[in-house]
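A.B. asks: Below is coords-v8.txt; it holds compact mmCIF, C-alpha atoms.
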```
# COMPACT_ATOMS: atom_id res chain seq x y z
CA MET F 276 104.46 97.58 81.29
CA LYS F 277 101.82 99.79 82.85
CA LEU F 278 101.48 100.14 86.59
CA ASN F 279 98.77 101.88 88.58
CA GLU F 280 101.34 104.50 89.51
CA ARG F 281 98.96 107.09 90.89
CA SER F 282 97.57 104.57 93.35
CA VAL F 283 101.01 103.29 94.21
CA ALA F 284 102.25 106.81 94.88
CA HIS F 285 99.18 107.47 96.98
CA TYR F 286 99.86 104.34 99.00
CA ALA F 287 103.42 105.54 99.53
CA THR F 288 102.38 108.90 100.91
CA CYS F 289 99.17 108.13 102.73
CA ASP F 290 99.23 107.97 106.49
CA SER F 291 99.17 104.18 106.79
CA PRO F 292 102.14 103.43 109.04
CA ALA F 293 105.39 102.32 107.53
CA ASP F 294 107.44 99.32 108.60
CA HIS F 295 110.56 101.41 108.61
CA ALA F 296 111.69 104.84 107.50
CA GLY F 297 114.80 106.96 107.48
CA PHE F 298 117.48 108.65 105.46
CA LEU F 299 119.84 106.52 103.42
CA ARG F 300 122.39 107.35 100.82
CA LYS F 301 121.71 105.56 97.59
CA ARG F 302 124.53 104.80 95.23
CA VAL F 303 124.01 106.26 91.82
CA GLU F 304 124.19 103.56 89.16
CA ARG F 305 125.51 104.79 85.90
CA HIS F 306 124.67 102.84 82.81
CA HIS F 307 127.99 102.76 81.09
CA HIS F 308 129.61 100.66 78.46
CA HIS F 309 132.48 100.24 80.81
CA THR F 310 130.43 99.81 83.95
CA HIS F 311 133.39 98.72 86.02
CA HIS F 312 135.20 101.96 85.43
CA TYR F 313 133.65 104.24 87.98
CA HIS F 314 135.78 107.32 88.28
CA THR F 315 133.83 108.46 91.24
CA THR F 316 131.07 106.70 93.01
CA SER F 317 128.43 109.12 94.01
CA TYR F 318 125.57 108.80 96.41
CA GLN F 319 122.29 110.60 96.73
CA ARG F 320 120.67 111.11 100.09
CA ARG F 321 117.05 110.10 99.97
CA TRP F 322 114.23 109.59 102.43
CA PHE F 323 113.28 105.91 102.38
CA VAL F 324 109.95 104.45 103.47
CA LEU F 325 109.30 100.73 103.74
CA LYS F 326 105.67 99.63 103.52
CA GLY F 327 105.21 95.90 103.31
CA ASN F 328 107.18 94.60 100.33
CA LEU F 329 107.59 98.05 98.83
CA LEU F 330 110.54 100.33 99.42
CA PHE F 331 109.82 103.88 98.36
CA TYR F 332 112.32 106.69 98.22
CA PHE F 333 111.70 110.40 98.18
CA GLU F 334 113.89 113.33 97.39
CA GLU F 335 113.02 114.97 100.66
CA ARG F 336 111.16 113.78 103.72
CA GLU F 337 108.37 116.21 102.94
CA SER F 338 108.14 115.32 99.26
CA ARG F 339 104.61 114.63 98.19
CA GLU F 340 105.51 111.97 95.69
CA PRO F 341 108.15 109.25 95.67
CA VAL F 342 111.03 109.47 93.24
CA GLY F 343 111.20 105.73 93.04
CA LEU F 344 110.11 102.33 94.24
CA VAL F 345 111.89 99.04 94.76
CA VAL F 346 109.61 95.99 94.83
CA LEU F 347 111.14 93.62 97.33
CA GLU F 348 110.27 90.15 96.07
CA GLY F 349 112.92 87.64 95.13
CA CYS F 350 115.75 89.58 96.66
CA THR F 351 118.35 89.23 99.36
CA VAL F 352 119.79 91.91 101.56
CA GLU F 353 123.40 91.72 102.53
CA LEU F 354 126.14 93.83 104.00
CA CYS F 355 128.34 95.40 101.42
CA GLU F 356 132.06 95.35 101.08
CA ALA F 357 131.89 98.74 99.47
CA ALA F 358 134.26 101.54 100.25
CA GLU F 359 131.54 103.08 102.35
CA GLU F 360 130.97 102.15 105.94
CA PHE F 361 127.47 100.99 106.91
CA ALA F 362 126.68 99.99 103.34
CA PHE F 363 124.32 97.20 102.41
CA ALA F 364 122.91 95.96 99.14
CA ILE F 365 119.59 94.70 97.88
CA ARG F 366 120.30 92.06 95.27
CA PHE F 367 117.83 90.20 93.12
CA ASP F 368 117.82 86.52 92.19
CA ASP F 369 117.23 87.53 88.63
CA ALA F 370 120.64 87.32 87.01
CA GLY F 371 121.89 90.55 85.53
CA ALA F 372 119.54 92.66 87.59
CA ARG F 373 121.07 95.72 89.13
CA ALA F 374 121.71 95.85 92.86
CA TYR F 375 120.71 98.76 95.06
CA VAL F 376 123.55 99.87 97.26
CA LEU F 377 122.45 101.86 100.26
CA VAL F 378 124.41 103.50 103.04
CA ALA F 379 123.07 104.11 106.51
CA ASP F 380 124.09 106.81 108.97
CA GLY F 381 125.49 104.42 111.52
CA HIS F 382 125.77 100.83 112.62
CA ALA F 383 122.43 100.68 114.42
CA ALA F 384 120.59 102.21 111.48
CA MET F 385 122.25 99.79 109.09
CA GLU F 386 121.28 96.79 111.23
CA ALA F 387 117.72 98.00 111.59
CA TRP F 388 117.36 98.46 107.85
CA VAL F 389 118.88 95.10 106.95
CA LYS F 390 116.59 93.42 109.46
CA ALA F 391 113.48 95.20 108.20
CA LEU F 392 114.27 94.63 104.53
CA SER F 393 115.10 90.95 105.01
CA ARG F 394 111.62 90.34 106.28
CA ALA F 395 109.79 92.57 103.89
CA SER F 396 108.75 90.08 101.26
CA PHE F 397 105.16 89.04 100.89
CA ASP F 398 106.23 85.39 100.83
CA TYR F 399 107.94 85.73 104.18
CA MET F 400 104.93 87.43 105.74
CA ARG F 401 102.67 84.76 104.33
CA LEU F 402 104.80 82.02 105.90
CA VAL F 403 104.65 83.72 109.28
CA VAL F 404 100.89 84.15 109.12
CA ARG F 405 100.34 80.55 108.07
CA GLU F 406 102.51 79.36 110.91
CA LEU F 407 100.53 81.40 113.40
CA GLU F 408 97.31 80.14 111.93
CA LYS F 409 98.47 76.59 112.56
CA GLN F 410 99.52 77.43 116.09
CA LEU F 411 96.13 78.94 116.77
CA GLU F 412 94.40 75.83 115.50
CA GLU F 413 96.59 73.72 117.74
CA ALA F 414 95.79 75.88 120.71
CA CYS F 415 92.11 75.71 119.85
CA LYS F 416 92.14 71.95 119.63
CA SER F 417 93.84 71.66 122.97
CA LEU F 418 91.33 73.93 124.57
CA ALA F 419 88.35 72.40 122.82
CA ALA F 420 89.42 68.98 124.00
CA CYS F 421 88.82 70.19 127.56
CA HIS F 422 85.16 70.58 127.01
CA LYS F 423 82.63 67.82 126.93
CA SER F 424 79.79 69.66 125.21
CA PRO F 425 79.61 68.81 121.54
CA ARG F 426 80.40 71.45 118.99
CA ARG F 427 77.56 72.94 117.04
CA SER F 428 78.46 73.51 113.42
CA SER F 429 76.77 76.33 111.65
CA SER F 430 74.16 75.29 109.16
CA SER F 431 75.41 76.95 106.04
CA GLY F 432 79.03 76.52 107.00
CA ARG F 433 80.03 79.58 105.10
CA LYS F 434 79.07 82.41 107.39
CA ARG F 435 81.66 84.94 108.22
CA HIS F 436 82.53 84.99 111.84
CA LEU F 437 83.01 88.29 113.58
CA SER F 438 86.54 87.27 114.25
CA ASN F 439 87.41 87.47 110.58
CA PRO F 440 90.24 89.97 110.40
CA ALA F 441 88.75 91.52 107.32
CA LEU F 442 85.87 92.73 109.45
CA LEU F 443 87.66 93.67 112.62
CA PRO F 444 87.93 97.35 113.34
CA LEU F 445 91.56 98.26 113.56
CA GLN F 446 92.72 99.95 116.68
CA GLU F 447 96.38 99.14 116.65
CA LYS F 448 98.54 102.04 117.59
CA PRO F 449 101.78 101.87 115.72
CA ALA F 450 104.89 102.84 117.59
CA VAL F 451 106.44 106.20 116.95
CA LEU F 452 110.08 106.26 115.98
CA GLU F 453 112.53 108.75 117.34
CA ASN F 454 112.25 110.98 114.34
CA GLY F 455 108.53 111.19 114.84
CA TYR F 456 107.72 108.92 111.95
CA SER F 457 105.19 106.33 112.92
CA THR F 458 105.79 102.68 112.14
CA TRP F 459 104.39 99.33 112.97
CA GLY F 460 106.09 97.99 116.04
CA SER F 461 104.74 94.75 117.41
CA GLY F 462 101.00 94.93 117.08
CA SER F 463 98.99 95.91 120.10
CA ASP F 464 95.58 94.69 121.09
CA VAL F 465 92.90 94.08 118.57
CA PRO F 466 89.41 94.23 120.04
CA GLY F 467 88.10 90.73 120.13
CA GLY F 468 85.39 88.88 121.85
CA ALA F 469 86.23 86.22 119.32
CA ALA F 470 85.95 82.73 120.62
CA CYS F 471 87.97 79.87 119.29
CA PRO F 472 87.57 79.90 115.55
CA ASP F 473 87.14 76.54 113.96
CA HIS F 474 89.06 75.66 110.89
CA ASP F 475 86.85 75.28 107.90
CA GLY F 476 88.27 72.37 106.01
CA GLY F 477 88.12 71.36 102.42
CA HIS F 478 90.41 73.83 100.72
CA ALA F 479 91.45 72.63 97.32
CA LYS F 480 94.53 74.75 96.70
CA PRO F 481 96.70 76.95 98.93
CA PRO F 482 93.91 78.47 100.95
CA PRO F 483 93.36 82.19 101.05
CA LEU F 484 94.12 83.54 104.45
CA PRO F 485 92.47 83.26 106.78
CA PRO F 486 89.96 80.55 106.00
CA ARG F 487 86.37 81.15 106.91
CA ARG F 488 85.59 80.20 110.41
CA ARG F 489 82.51 78.57 111.72
CA SER F 490 81.08 79.89 114.93
CA ALA F 491 82.51 78.28 117.99
CA THR F 492 80.09 76.70 120.40
CA SER F 493 78.65 77.92 123.61
CA GLY F 494 80.53 75.08 125.23
CA ILE F 495 83.78 76.84 124.70
CA MET F 496 82.36 80.26 125.46
CA GLY F 497 80.79 79.18 128.71
CA SER F 498 83.73 77.42 130.26
CA PRO F 499 86.29 79.06 132.42
CA VAL F 500 89.13 80.08 130.22
CA PRO F 501 92.26 81.37 131.91
CA SER F 502 91.34 84.97 132.49
CA LEU F 503 93.51 87.54 130.84
CA PRO F 504 94.54 90.93 132.04
CA PRO F 505 93.05 93.61 129.82
CA ALA F 506 96.43 95.01 128.89
CA MET F 507 98.36 92.18 127.35
CA PRO F 508 102.05 92.00 128.02
CA GLU F 509 104.40 92.51 125.11
CA SER F 510 104.81 89.35 123.12
CA PRO F 511 108.39 88.20 122.73
CA VAL F 512 107.48 87.47 119.17
CA SER F 513 106.60 90.37 116.95
CA PRO F 514 106.32 90.81 113.21
CA GLU F 515 109.98 91.71 113.32
CA SER F 516 111.05 88.42 114.93
CA ALA F 517 113.64 87.03 112.65
CA CYS F 518 113.80 83.49 113.71
CA PHE F 519 111.31 80.83 112.86
CA SER F 520 112.68 78.46 115.39
CA LYS F 521 112.08 81.13 118.01
CA LEU F 522 108.46 81.38 116.94
CA HIS F 523 108.15 77.61 117.02
CA SER F 524 109.70 77.18 120.43
CA TRP F 525 107.77 80.07 121.97
CA TYR F 526 104.40 78.82 120.85
CA GLY F 527 105.43 75.26 121.44
CA GLN F 528 106.13 76.04 125.07
CA GLU F 529 102.70 77.58 125.42
CA ILE F 530 101.02 74.51 124.01
CA VAL F 531 102.97 72.23 126.33
CA ALA F 532 101.98 74.37 129.30
CA LEU F 533 98.40 74.40 128.20
CA ARG F 534 98.28 70.65 127.86
CA ARG F 535 99.84 70.23 131.28
CA GLU F 536 97.25 72.57 132.77
CA TRP F 537 94.49 70.61 131.10
CA GLN F 538 95.80 67.30 132.41
CA GLU F 539 95.96 68.71 135.89
CA ARG F 540 92.44 69.97 135.67
CA GLN F 541 91.31 66.53 134.55
CA LYS F 542 92.94 65.00 137.58
CA ARG F 543 91.25 67.47 139.88
CA GLY F 544 87.88 66.47 138.50
CA TYR F 545 87.26 69.43 136.22
CA PRO F 546 83.50 69.93 135.98
CA MET T 1248 108.16 107.46 89.60
CA ARG T 1249 110.90 105.02 88.84
CA TYR T 1250 110.52 101.38 89.72
CA ASN T 1251 112.39 98.15 89.14
CA GLU T 1252 110.33 97.03 86.18
CA ARG T 1253 112.64 94.17 85.41
CA GLU T 1254 111.97 92.62 88.81
CA LEU T 1255 108.25 93.15 88.38
CA LEU T 1256 108.39 91.36 85.05
CA CYS T 1257 110.25 88.56 86.77
CA LEU T 1258 107.59 88.46 89.45
CA ALA T 1259 104.93 88.17 86.75
CA ARG T 1260 106.54 84.91 85.67
CA GLN T 1261 106.36 83.38 89.16
CA PRO T 1262 103.75 80.79 90.11
CA ALA T 1263 100.46 82.52 90.62
CA GLU T 1264 98.07 82.33 93.53
CA LYS T 1265 95.36 82.42 90.92
CA ALA T 1266 95.27 82.78 87.14
CA ALA T 1267 92.53 82.71 84.54
CA GLU T 1268 91.40 84.13 81.25
CA ILE T 1269 88.89 86.80 82.10
CA LEU T 1270 87.27 89.64 80.20
CA MET T 1271 88.72 92.88 81.46
CA ARG T 1272 88.00 96.54 80.97
CA VAL T 1273 90.28 99.34 82.08
CA PRO T 1274 88.91 102.67 83.35
CA LYS T 1275 89.69 104.59 80.23
CA LYS T 1276 87.14 106.40 78.12
CA GLY T 1277 85.77 104.22 75.37
CA SER T 1278 87.51 101.10 76.57
CA VAL T 1279 85.79 97.78 76.04
CA LEU T 1280 85.97 94.34 77.59
CA LYS T 1281 88.92 92.37 76.28
CA LYS T 1282 90.00 88.85 77.00
CA ARG T 1283 93.06 88.88 79.20
CA LEU T 1284 95.14 86.39 81.11
CA VAL T 1285 94.86 87.68 84.64
CA LYS T 1286 97.40 86.49 87.15
CA LEU T 1287 97.59 87.12 90.88
CA VAL T 1288 101.10 87.02 92.32
CA VAL T 1289 101.66 88.26 95.88
CA ASN T 1290 99.98 91.67 96.07
CA PHE T 1291 100.09 92.35 92.34
CA LEU T 1292 97.54 91.53 89.70
CA PHE T 1293 99.21 91.17 86.29
CA TYR T 1294 97.27 91.13 83.08
CA PHE T 1295 98.49 89.80 79.73
CA ARG T 1296 97.23 89.58 76.21
CA THR T 1297 96.36 85.91 76.02
CA ASP T 1298 99.15 85.05 73.61
CA GLU T 1299 101.93 87.15 75.08
CA ALA T 1300 104.59 86.31 77.64
CA GLU T 1301 105.03 89.79 79.01
CA PRO T 1302 102.20 91.50 80.89
CA ILE T 1303 100.54 94.63 79.52
CA GLY T 1304 100.18 95.90 83.03
CA ALA T 1305 100.19 95.37 86.76
CA LEU T 1306 97.95 96.56 89.56
CA LEU T 1307 99.32 96.89 93.07
CA LEU T 1308 96.57 95.61 95.32
CA GLU T 1309 96.98 97.84 98.36
CA HIS T 1310 94.27 100.22 99.54
CA CYS T 1311 91.96 98.92 96.89
CA ARG T 1312 88.32 98.04 96.96
CA ILE T 1313 87.00 94.86 95.39
CA THR T 1314 83.33 95.22 94.55
CA LYS T 1315 80.77 92.81 93.25
CA GLU T 1316 79.07 94.45 90.31
CA GLU T 1317 76.38 92.78 88.23
CA GLU T 1318 76.20 89.06 87.59
CA ASN T 1319 79.63 87.45 87.02
CA VAL T 1320 81.28 90.86 87.26
CA PHE T 1321 83.56 92.37 89.89
CA SER T 1322 85.62 95.52 89.89
CA ILE T 1323 88.83 96.79 91.43
CA SER T 1324 89.14 100.45 92.36
CA PHE T 1325 91.52 102.41 94.57
CA VAL T 1326 90.64 104.46 97.59
CA GLU T 1327 91.78 107.77 96.22
CA GLU T 1328 89.86 107.35 92.95
CA PRO T 1329 86.83 105.18 93.67
CA GLU T 1330 85.08 105.96 90.37
CA ARG T 1331 87.92 104.61 88.26
CA LYS T 1332 87.09 100.94 88.04
CA TYR T 1333 88.89 98.02 86.50
CA CYS T 1334 86.08 95.65 85.55
CA PHE T 1335 86.32 91.90 85.22
CA GLU T 1336 83.65 89.68 83.74
CA CYS T 1337 83.98 86.03 84.73
CA ASP T 1338 82.58 82.91 83.17
CA SER T 1339 80.44 82.12 86.18
CA GLU T 1340 79.20 83.56 89.44
CA GLU T 1341 81.32 80.98 91.25
CA GLN T 1342 84.48 82.10 89.50
CA CYS T 1343 83.54 85.69 90.27
CA GLN T 1344 83.19 84.97 94.00
CA GLU T 1345 86.47 83.05 94.07
CA TRP T 1346 88.33 85.97 92.55
CA ILE T 1347 86.70 88.47 94.89
CA GLU T 1348 87.77 86.39 97.88
CA ALA T 1349 91.29 85.87 96.60
CA LEU T 1350 91.78 89.55 95.78
CA LYS T 1351 90.46 90.74 99.12
CA ARG T 1352 93.09 88.68 100.85
CA ALA T 1353 95.89 89.55 98.47
CA SER T 1354 97.15 92.68 100.14
CA TYR T 1355 100.08 92.94 102.48
CA GLU T 1356 97.90 95.05 104.74
CA PHE T 1357 95.40 92.19 105.01
CA MET T 1358 98.16 89.78 105.99
CA ARG T 1359 99.40 92.22 108.55
CA ARG T 1360 95.96 92.36 110.14
CA SER T 1361 95.79 88.55 110.09
CA LEU T 1362 99.12 88.32 111.83
CA ILE T 1363 98.05 90.70 114.58
CA PHE T 1364 94.75 88.89 114.89
CA TYR T 1365 96.30 85.43 115.24
CA ARG T 1366 98.90 86.59 117.69
CA ASN T 1367 96.25 88.14 119.87
CA GLU T 1368 94.04 85.08 119.68
CA ILE T 1369 96.91 82.81 120.62
CA GLN T 1370 97.80 85.06 123.52
CA LYS T 1371 94.23 84.97 124.74
CA MET T 1372 94.02 81.22 124.44
CA THR T 1373 97.32 80.36 125.99
CA GLY T 1374 96.73 82.64 128.89
CA LYS T 1375 99.48 85.11 128.32
```
Using structure tokens, write down the structure that the file contains.

C.D. replies:
Amino acid sequence: MKLNERSVAHYATCDSPADHAGFLRKRVERHHHHTHHYHTTSYQRRWFVLKGNLLFYFEERESREPVGLVVLEGCTVELCEAAEEFAFAIRFDDAGARAYVLVADGHAAMEAWVKALSRASFDYMRLVVRELEKQLEEACKSLAACHKSPRRSSSSGRKRHLSNPALLPLQEKPAVLENGYSTWGSGSDVPGGAACPDHDGGHAKPPPLPPRRRSATSGIMGSPVPSLPPAMPESPVSPESACFSKLHSWYGQEIVALRREWQERQKRGYP
Amino acid sequence: MRYNERELLCLARQPAEKAAEILMRVPKKGSVLKKRLVKLVVNFLFYFRTDEAEPIGALLLEHCRITKEEENVFSISFVEEPERKYCFECDSEEQCQEWIEALKRASYEFMRRSLIFYRNEIQKMTGK
């Protein structure tokens, strides 16, 4: 099967930040008739770079082209009961597929890799984004309910709003790891000015993300919204957050607080 | 560059975000439009001969540009080689637009931007 390898290799080496990077020792898999008879298990030290659901490995850190790629869909990452300390394995659901056994330099490195790889799949990322999308809609509805002015829907209904991520200029500064390699930490501020995006309904199938948004009304824009400090504090939830329930409870708390605020404002005769 | 082809083939058999029979032309000299089963799964676009179970090829959809060409036609090219275009001729303008939209959102990088965007919007709205 053909693959657009040149483009893939370019993606691996271009300066888009990686999700994780570091040296790992990769067990050499020998294709043997008697595969269970390893006389010696050997490992090769490689420079690994994780970008999204793609794990690249290079001979050297400075290598201009990856030696290999592991596509991380339909796999699990688990600690390994191998002879080596700090070993973990990437195993695929597909029966009979080979596992990748990797060895980190230490306990912290091993944990960081297992964490990063466990969350690397596209499916996982998609779930997280959809969840956030829902939370945003909930927050929007709560806020919109505060305002009495009716919402104005855009005439064509299909205009792209400025808040569409596809159009936003990117100014995130990825964190820099100890070894100088830059990665995505938790995202920092994205320039906005976006008001509450409205959910455009009527999607037939699993909607592409994010759905097109209609312009929010002046009603929302004009009302006093809790003012925010320009430098936003670090969110407890980041793309690395493992736990869904944590995401749920964190955003859930915010919604509860918001509703309470709104109710109090109502009582005080909010104009 | 080595890659786990077996897993990619397995991925090609997964439920698709979008699939259709579309006329496709690869950026090779003298190549012509051929009917292919085109299937979008995560950030890969697989293409099959219409009667075959295994794909002929796969395109990783990162750092790519999706361009509307003439009527019913869109192309996929990659940032480092913008002249090399994979062309797709759809049955209708509507189908063409649907594919363009779906492919633009199919990258991991796009999802990453969405995630950052939503998180920031939620922070703004909930006063954090």

A.B. asks: Please, what distance in Å, to one decimal, runs between CA of Ile1269 (chain T) and CA of Ala1349 (chain T)?

C.D. replies: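 Computed distance, CA of Ile1269 (chain T) to CA of Ala1349 (chain T), equals 14.7 Å.
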
A.B. asks: Would you give me, as number ranges by chain, the residues of chain T that come within 8 Å of chain F, using all atoms listed in the file?

C.D. replies: T: 1248-1255, 1257-1258, 1264, 1289-1290, 1302-1307, 1309-1310, 1325, 1327, 1348-1349, 1352, 1355-1369, 1371-1375

A.B. asks: Store the residues picked out above in a file with C-alpha atoms, as a compact mmCIF listing (two decimals), in the frame of the given file.

C.D. replies:
```txt
# COMPACT_ATOMS: atom_id res chain seq x y z
CA MET T 1248 108.16 107.46 89.60
CA ARG T 1249 110.90 105.02 88.84
CA TYR T 1250 110.52 101.38 89.72
CA ASN T 1251 112.39 98.15 89.14
CA GLU T 1252 110.33 97.03 86.18
CA ARG T 1253 112.64 94.17 85.41
CA GLU T 1254 111.97 92.62 88.81
CA LEU T 1255 108.25 93.15 88.38
CA CYS T 1257 110.25 88.56 86.77
CA LEU T 1258 107.59 88.46 89.45
CA GLU T 1264 98.07 82.33 93.53
CA VAL T 1289 101.66 88.26 95.88
CA ASN T 1290 99.98 91.67 96.07
CA PRO T 1302 102.20 91.50 80.89
CA ILE T 1303 100.54 94.63 79.52
CA GLY T 1304 100.18 95.90 83.03
CA ALA T 1305 100.19 95.37 86.76
CA LEU T 1306 97.95 96.56 89.56
CA LEU T 1307 99.32 96.89 93.07
CA GLU T 1309 96.98 97.84 98.36
CA HIS T 1310 94.27 100.22 99.54
CA PHE T 1325 91.52 102.41 94.57
CA GLU T 1327 91.78 107.77 96.22
CA GLU T 1348 87.77 86.39 97.88
CA ALA T 1349 91.29 85.87 96.60
CA ARG T 1352 93.09 88.68 100.85
CA TYR T 1355 100.08 92.94 102.48
CA GLU T 1356 97.90 95.05 104.74
CA PHE T 1357 95.40 92.19 105.01
CA MET T 1358 98.16 89.78 105.99
CA ARG T 1359 99.40 92.22 108.55
CA ARG T 1360 95.96 92.36 110.14
CA SER T 1361 95.79 88.55 110.09
CA LEU T 1362 99.12 88.32 111.83
CA ILE T 1363 98.05 90.70 114.58
CA PHE T 1364 94.75 88.89 114.89
CA TYR T 1365 96.30 85.43 115.24
CA ARG T 1366 98.90 86.59 117.69
CA ASN T 1367 96.25 88.14 119.87
CA GLU T 1368 94.04 85.08 119.68
CA ILE T 1369 96.91 82.81 120.62
CA LYS T 1371 94.23 84.97 124.74
CA MET T 1372 94.02 81.22 124.44
CA THR T 1373 97.32 80.36 125.99
CA GLY T 1374 96.73 82.64 128.89
CA LYS T 1375 99.48 85.11 128.32
```

A.B. asks: So how many Å separate CA of Val1320 (chain T) and CA of Cys1337 (chain T), to one decimal?

C.D. replies: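 Atom-to-atom, CA of Val1320 (chain T) and CA of Cys1337 (chain T) are spaced 6.1 Å apart.
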
A.B. asks: CA of Ile1313 (chain T) and CA of Ala1300 (chain T) are how many Å apart?

C.D. replies: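 Distance between the two atoms: 26.4 Å.
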
A.B. asks: Which residues come within 12 Å of Asn1319 (chain T), counting all atoms listed in the file, excluding same-chain residues fewer than 3 positions away, as an mmCIF file with C-alpha atoms, in the coordinates of the input?

C.D. replies:
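What ended up in selection-v4.cif:
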```cif
data_model
loop_
_atom_site.group_PDB
_atom_site.id
_atom_site.type_symbol
_atom_site.label_atom_id
_atom_site.label_comp_id
_atom_site.auth_asym_id
_atom_site.auth_seq_id
_atom_site.Cartn_x
_atom_site.Cartn_y
_atom_site.Cartn_z
ATOM 1 C CA ILE T 1269 88.890 86.800 82.100
ATOM 2 C CA LEU T 1270 87.270 89.640 80.200
ATOM 3 C CA MET T 1271 88.720 92.880 81.460
ATOM 4 C CA THR T 1314 83.330 95.220 94.550
ATOM 5 C CA LYS T 1315 80.770 92.810 93.250
ATOM 6 C CA GLU T 1316 79.070 94.450 90.310
ATOM 7 C CA SER T 1322 85.620 95.520 89.890
ATOM 8 C CA CYS T 1334 86.080 95.650 85.550
ATOM 9 C CA PHE T 1335 86.320 91.900 85.220
ATOM 10 C CA GLU T 1336 83.650 89.680 83.740
ATOM 11 C CA CYS T 1337 83.980 86.030 84.730
ATOM 12 C CA ASP T 1338 82.580 82.910 83.170
ATOM 13 C CA SER T 1339 80.440 82.120 86.180
ATOM 14 C CA GLU T 1340 79.200 83.560 89.440
ATOM 15 C CA GLU T 1341 81.320 80.980 91.250
ATOM 16 C CA GLN T 1342 84.480 82.100 89.500
ATOM 17 C CA CYS T 1343 83.540 85.690 90.270
ATOM 18 C CA GLN T 1344 83.190 84.970 94.000
ATOM 19 C CA GLU T 1345 86.470 83.050 94.070
ATOM 20 C CA TRP T 1346 88.330 85.970 92.550
ATOM 21 C CA ILE T 1347 86.700 88.470 94.890
#
```

A.B. asks: Provide an axis-aligned box for all listed atoms of region 1278-1294 of chain T, padding each side by 6 Å; report its centre and its edge lengths in Å to one decimal, as AutoDock Vina command-line options.

C.D. replies:
```
--center_x 93.7 --center_y 93.7 --center_z 86.1 --size_x 27.9 --size_y 26.7 --size_z 32.0
```

A.B. asks: Which polymer residues have any atom within 9 Å of an atom of Arg1312 (chain T), counting all atoms listed in the file, with same-chain residues fewer than 4 positions away left out, as JSON, numbers by chain?

C.D. replies: {"T": [1308, 1322, 1323, 1324, 1325, 1326, 1329, 1351]}

A.B. asks: Can you tell me, as a PDB file with C-alpha atoms, in the frame of the given file, what residues are no more than 7 Å from Lys301 (chain F) when counting only C-alpha atoms, ignoring any on the same chain fewer than 5 positions away?

C.D. replies:
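Writing the result to selection.pdb gives the following:
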```pdb
ATOM      1  CA  TYR F 318     125.570 108.800  96.410  1.00  0.00           C
ATOM      2  CA  GLN F 319     122.290 110.600  96.730  1.00  0.00           C
ATOM      3  CA  ARG F 320     120.670 111.110 100.090  1.00  0.00           C
ATOM      4  CA  ARG F 321     117.050 110.100  99.970  1.00  0.00           C
ATOM      5  CA  VAL F 376     123.550  99.870  97.260  1.00  0.00           C
ATOM      6  CA  LEU F 377     122.450 101.860 100.260  1.00  0.00           C
ATOM      7  CA  VAL F 378     124.410 103.500 103.040  1.00  0.00           C
TER       8      VAL F 378
END
```

A.B. asks: Where atoms are absent from region 352-360 of chain F, fill them in so it carries N, CA, C and O atoms, then output it as an mmCIF file, in the frame of the given file.

C.D. replies:
```
data_model
loop_
_atom_site.group_PDB
_atom_site.id
_atom_site.type_symbol
_atom_site.label_atom_id
_atom_site.label_comp_id
_atom_site.auth_asym_id
_atom_site.auth_seq_id
_atom_site.Cartn_x
_atom_site.Cartn_y
_atom_site.Cartn_z
ATOM 1 N N VAL F 352 119.178 90.697 101.055
ATOM 2 C CA VAL F 352 119.790 91.910 101.560
ATOM 3 C C VAL F 352 121.061 91.501 102.275
ATOM 4 O O VAL F 352 121.039 90.623 103.131
ATOM 5 N N GLU F 353 122.148 92.107 101.902
ATOM 6 C CA GLU F 353 123.400 91.720 102.530
ATOM 7 C C GLU F 353 124.287 92.931 102.765
ATOM 8 O O GLU F 353 124.172 93.953 102.090
ATOM 9 N N LEU F 354 125.186 92.763 103.730
ATOM 10 C CA LEU F 354 126.140 93.830 104.000
ATOM 11 C C LEU F 354 127.092 93.922 102.808
ATOM 12 O O LEU F 354 127.339 92.957 102.112
ATOM 13 N N CYS F 355 127.595 95.102 102.640
ATOM 14 C CA CYS F 355 128.340 95.400 101.420
ATOM 15 C C CYS F 355 129.800 95.647 101.715
ATOM 16 O O CYS F 355 130.130 96.352 102.660
ATOM 17 N N GLU F 356 130.632 95.083 100.898
ATOM 18 C CA GLU F 356 132.060 95.350 101.080
ATOM 19 C C GLU F 356 132.495 96.575 100.299
ATOM 20 O O GLU F 356 133.594 96.649 99.809
ATOM 21 N N ALA F 357 131.577 97.518 100.222
ATOM 22 C CA ALA F 357 131.890 98.740 99.470
ATOM 23 C C ALA F 357 132.868 99.605 100.247
ATOM 24 O O ALA F 357 133.142 99.361 101.415
ATOM 25 N N ALA F 358 133.333 100.618 99.597
ATOM 26 C CA ALA F 358 134.260 101.540 100.250
ATOM 27 C C ALA F 358 133.584 102.248 101.404
ATOM 28 O O ALA F 358 134.223 102.633 102.376
ATOM 29 N N GLU F 359 132.277 102.366 101.328
ATOM 30 C CA GLU F 359 131.540 103.080 102.350
ATOM 31 C C GLU F 359 131.263 102.205 103.562
ATOM 32 O O GLU F 359 130.958 101.029 103.430
ATOM 33 N N GLU F 360 131.351 102.842 104.707
ATOM 34 C CA GLU F 360 130.970 102.150 105.940
ATOM 35 C C GLU F 360 129.457 102.134 106.030
ATOM 36 O O GLU F 360 128.788 103.022 105.523
#
```
